[in-house]
Structures are given as structure tokens and as C-alpha cells.
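Student: One structure coming up, written as C-alpha cells, with questions to follow.
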Amino acid sequence: MSDDNDKIDFLRVLVRQESHGTLVSFNFGQGFPSGYSDEPVRKLGRLSNEWTSFCISFFRAVPEISNFGFQLAKGSVTEDFMSFLREHSISNERREDEDGALEYSFIVHEDDAVLVLKEHGKSVRFLRAARAMESATLGALIFEYESFIDRLLTACSEILPEPFIAELGAIEAKEVFTQENIEEYRKSLLSKSVDSILRHRSHLEVLDWIGERLSINTSLPEPLRREFIEICQRRHLLTHNGGRVNKRYIDLCVAAGWTKEDLPDEGEYVQVGRKYLQRSTARVCQVALFVLHMIWQKHLPNERRSSIQNLLSVSHDFLEEGLTKMARRVIDFARFSKKDFDIRLDMYFRINEALSWLLDPNLDEAEQNKRAQAVLEKGDWSVTTPIVDLALACVRRDFVAIHELAVKANEAGMTYNEARTFVVFGEARGIDGFLDCFPKSLLELPSPSPD
């Protein structure tokens with residue numbers, strides 16, 4: 001038999017386990033959507049998708065890992081210190097107070113007092129380091145946001161270079177004429193302009209610059225603007241003031257709409273727990289994503305529909321991860337202007353919005369169904385397709401004719417991949433025979449060559 005069969009380019013996942021970790025590689029991947037025809041649109045679309053992917057990862061992993069690490073360290077250090085006290089105390093007793101808390105009392109010999117204090121100091125320092133790692137997570141979030149804005153402005157400078165050139169001021173003719181490669185020189189100037197914009201302005205001032213120079217409305221709605229400012233200022237405290245609240249933090253937050261009663265007191269140390277990190281991730285994610293798409297729709301008017309389609313995809317990405325509130329926020333933003341909406345897009349957004357309620361983990365099933373149905377009732381379903389009919393049945397949790405609808409959807413062009421991956425068909429996939437209505441394409445194997 002010929003060796004040619006060994007060279008068949010099957011789709012393959014390669015997992016390599018090494019001493020320093022595991023490497024996973026693919027010889028396949030999802031290509032960039034064909035609807036993105038223009039290079040600037042491809043860059044913005046890719047940036048939107050990568051930012052969404054980062055935010056989902058941050059939502060899912062970082063706050064939990066950070067908090068778990070601190071709690072683990074706290075528990076370990078506490079137990080170690082307790083063991084030390086039991087070993088070095090003359091006697092000890094344990095009691096439970098009226099609130100159910102356990103209280104331990106250790107009698108220590110005066111000759112061991114210094115030793116005990118030193119051991120406690122080690123514990124405090126260790127916990128402080130663990131807490132610092134938790135606080136550093138907020139810095140990592142803002143760092144990624146800054147990197148995103150850098151890439152966004154760089155892409156904007158290619159689409160609309162004039163505002164960025166104006167930022168540089170006058171350029172001597174001699175400097176221009178001595179350049180060997182004008183195009184490379186132009187790119188270096190634009191890069192220098194972007195760096196200047198980011199280096200000399202606060203996060204809010206950068207947004208103001210984008211709004212003014214790129215002629216878009218970056219006035220963030222409340223409470224998004226207020227919370228975004230507080231997040232940035234809290235990160236500034238952690239980076240430059242040891243986490244201790246100062247007058248500048250309070251003044252800027254009050255100017256943004258906070259009351260002093262809602263803020264930590266001057267001199268107090270700010271905390272960054274799991275819930276705060278989750279809320280911060282949501283706010284920072286929204287700001288970045290919304291600014292990108294406002295720029296996209298304003299300065300690439302022929303590709304506004306591509307922006308809306310991308311937002312539809314982003315809302316689905318959040319639904320896949322169970323981040324239903326974020327999905328609704330994206331959908332609400334996408335609907336801000338319906339200039340390029342058609343009935344098909346409107347149906348798809350409504351289905352995703354209904355799903356965001358149907359899958360909301362904070363609601364019971366009756367409330368999920370009620371809110372999902374309320375969303376559907378606002379839509380125009382007079383002209384549908386077999387695929388939409390199947391999706392509506394799934395959102396309504398009406399599975400009586402699910403197999404018949406699935407067959408019709410397949411005949412209309414719905415694929416196995418869509419049936420297997422779209423969130424709306426999640427519950428239907430648990431019904432026997434549903435996926436059988438979407439047969440996989442045949443795997444074509446080459447005929448063996450004669451020896």
C-alpha cells in the first residue's frame with residue numbers, strides 16, 4: 001500500500017505533555033467571517049472578538065482564582081499560626097460566643113512573647129502579600145484595557161489619520177524630505193501620536209479626546225461612567241498610594257457623581273474582592289466594546305451592518321458562558337440605532353435577548369419563561385424561516401413538534417455544527433433524536449492506492 005495515506009490532511013488536535021506544561025495545537029481553526037471585506041473592518045472585528053474573549057476569560061477565571069488564592073492562603077496561614085500557638089502556649093481554651101464565632105485563648109510564657117510576636121508578624125506579611133496579589137488583578141484588568149485602547153487608536157489612525165497628525169503639531173519639511181521610506185515614517189508619526197494621547201491623559205480624558213476628535217458620543221450613561229471612573233481611581237490608589245484612600249480619589253469620585261457616604265474614608269485601605277472584580281470587569285468590558293463599535297459605525301458607514309452582526313455574535317458568546325447580563329447589555333447597545341437593522345437581524349437579537357432571560361441563573365423557571373415570552377411578544381414574527389421557527393420553539397420550551405421542525409430547518413440549510421453549538425438549541429440537544437435530524441457530512445477518505 002502506498003505511503004500517500006500517511007499524508008492525508010485530517011483535522012487533528014495534538015496534545016504534547018512536557019515537564020514545564022502541556023501544549024495543545026490544531027491544524028484547523030475558525031476562519032475570519034467572510035462578511036468582513038475591508039481591512040480596517042477586519043481589524044476592528046478581530047479586536048472586538050479578542051476583547052470579548054479576554055473579558056469572558058477574566059469573568060470566568062481571574063476573580064475566582066484570585067479570591068480562592070487569598071482564602072487558601074488565609075486558611076493555611078491561620079492554621080499554621082494556631083498550631084504554633086498550641087505548641088508554645090502554657091495552656092489554651094476554646095469557647096463559642098453568642099454569634100456562633102469560635103474564640104481561642106492562649107496563655108503564653110513571657111520568655112516566648114517575642115517569638116510569638118515574630119511568628120504573627122510573618123503571618124501578617126504573608127497575608128498582606130496574598131491580598132496584594134488580589135489587588136494586582138485589578139491592575140491587570142486596566143492594563144489590558146489600556147492595551148486595547150492603544151490598538152483601537154492605532155487602527156483609527158489608519159482609518160482617519162487627520163486628528164492624530166494634528167496632535168503632533170508642525171513637522172519640518174527637512175525632516176520629511178530626508179526620510180527614505182515615507183510610508184514607514186508616516187506610520188511612526190501616527191504611532192508617536194497615539195503614544196502621546198495615551199501617555200498624557202487620564203482614562204476619562206482619552207475617552208473625551210476620542211469623542212471630540214473622532215466626532216462620536218463617548219458620554220457614558222450612568223452608572224457606567226461613574227463606576228468606570230471609580231475603578232480607574234481605585235487602581236491608581238493601589239498602584240501609586242499603597243491602596244490608601246486620599247483626597248484626590250474622593251474628589252474625583254464625588255465629581256463623577258458618587259456621594260462621600262458611598263466611598264471609603266480618607267486614609268482607609270481599599271479592598272478588591274471577588275464581587276468587585278466581577279463588577280469592574282463588566283464595566284470596563286462595556287466601555288471598551290461600546291467605544292469600538294461607535295467608532296466602527298461612525299467612520300465606516302458602509303460597514304455598519306458588519307458592526308451589528310459582530311455585536312450579535314458577541315451577545316451569543318456571552319450567552320454561551322452563562323453571562324446573561326452582559327449579553328443583554330450588548331443587545332441593548334446594539335439596538336441604540338436601528339438604522340441598519342432588518343427584520344432578520346431584529347429576530348435574531350430578540351431570540352438572544354429572550355435566551356438571556358431563559359438562562360438567567362438568578363430566576364426560577366416560571367420567571368425565566370415569563371420574561372422570555374415578554375421579549376418575544378414585542379417582535380414581528382409574521383415572516384419567519386424554518387430555522388427561526390425551530391429557535392422560537394426552543395425559546396418557548398415547546399418541544400412537541402421539535403423533530404419535525406428540526407428536519408425542516410435542516411432542509412432549509414441549518415447544519416449539524418449550528419445545531420450542536422448554538423445556545424438556543426441547548427435544551428433540545430438533550431432530546432433523543434434531535435441531533436440525528438442534522439446528519440454530519442460524510443468524511444471523504446481517499447481510495448487506497450494499489451501496491
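Chains: A, B, ... in order of the C-alpha cells. Residues: from 1 per chain. Ligands: from 1, in order shown.
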Could you pull the residues within 9 Å of A:Asp389, counting only C-alpha atoms, minus those fewer than 4 positions along the same chain, as a PyMOL selection string?
Tutor: chain A and resi 384-385+393-394+405+409
Student: If you run DSSP on the backbone, which residues of stretch 140-218 of chain A are alpha helix (DSSP H), as a ChimeraX atom specification?
Tutor: /A:140-159,162-168,173-177,182-199,203-213
Student: So what do you get for atom CA of A:Ser157 versus atom CA of A:Ala334, distance-wise?
Tutor: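 Atom-to-atom, atom CA of A:Ser157 to atom CA of A:Ala334, that is 24.3 Å.
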Student: Using only C-alpha atoms, which residue out of A:Lys339, A:Lys298, A:Lys408, A:Lys187 lies closest to A:Ser215?
Tutor: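 Among the listed residues, the smallest separation from A:Ser215 belongs to A:Lys298.
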Student: Counting only C-alpha atoms, which of A:His109, A:Lys370, A:Arg201, A:Arg396 gets nearest to A:Val424?
Tutor: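 Closest to A:Val424 of all the choices is A:Arg396.
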Student: Of the candidates A:Cys285, A:Leu252, A:Leu263, A:Leu138, which one gets nearest to A:Phe54 if we count only C-alpha atoms?
Tutor: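 Closest to A:Phe54, using only C-alpha atoms: A:Cys285.
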Student: Please identify all polymer residues within 12 Å of A:Leu141, counting only C-alpha atoms, omitting same-chain residues fewer than 3 positions from it, and present them as number ranges by chain.
Tutor: A: 51, 54-55, 57-59, 62-63, 134-138, 144-148, 231-232, 235, 277-285, 288
Student: Please list as a list in words every residue within 9 Å of A:Asp346, counting only C-alpha atoms and excluding residues in the same chain fewer than 4 positions away.
Tutor: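 The contact residues come out as Arg335, Lys338, Phe341, Asp342, Arg350, Ile351, Gly379 and Asp380 of chain A.
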Student: Kindly indicate which residue among A:Ile402, A:Leu355, A:Leu312, A:Met414 lies nearest to A:Ser48, using only C-alpha atoms for the distances.
Tutor: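 That would be A:Leu312, the residue with the smallest distance to A:Ser48.
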Student: Nearest to A:Glu162 among A:Ala101, A:Val291, A:Leu189, A:Val423, with distances taken over only C-alpha atoms: which residue is it?
Tutor: A:Leu189
Student: Counting only C-alpha atoms, figure out which residue out of A:Val400, A:Phe434, A:Asn49, A:Arg274 gets nearest to A:Ser313.
Tutor: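 Using only C-alpha atoms, A:Ser313 sits closest to A:Asn49.
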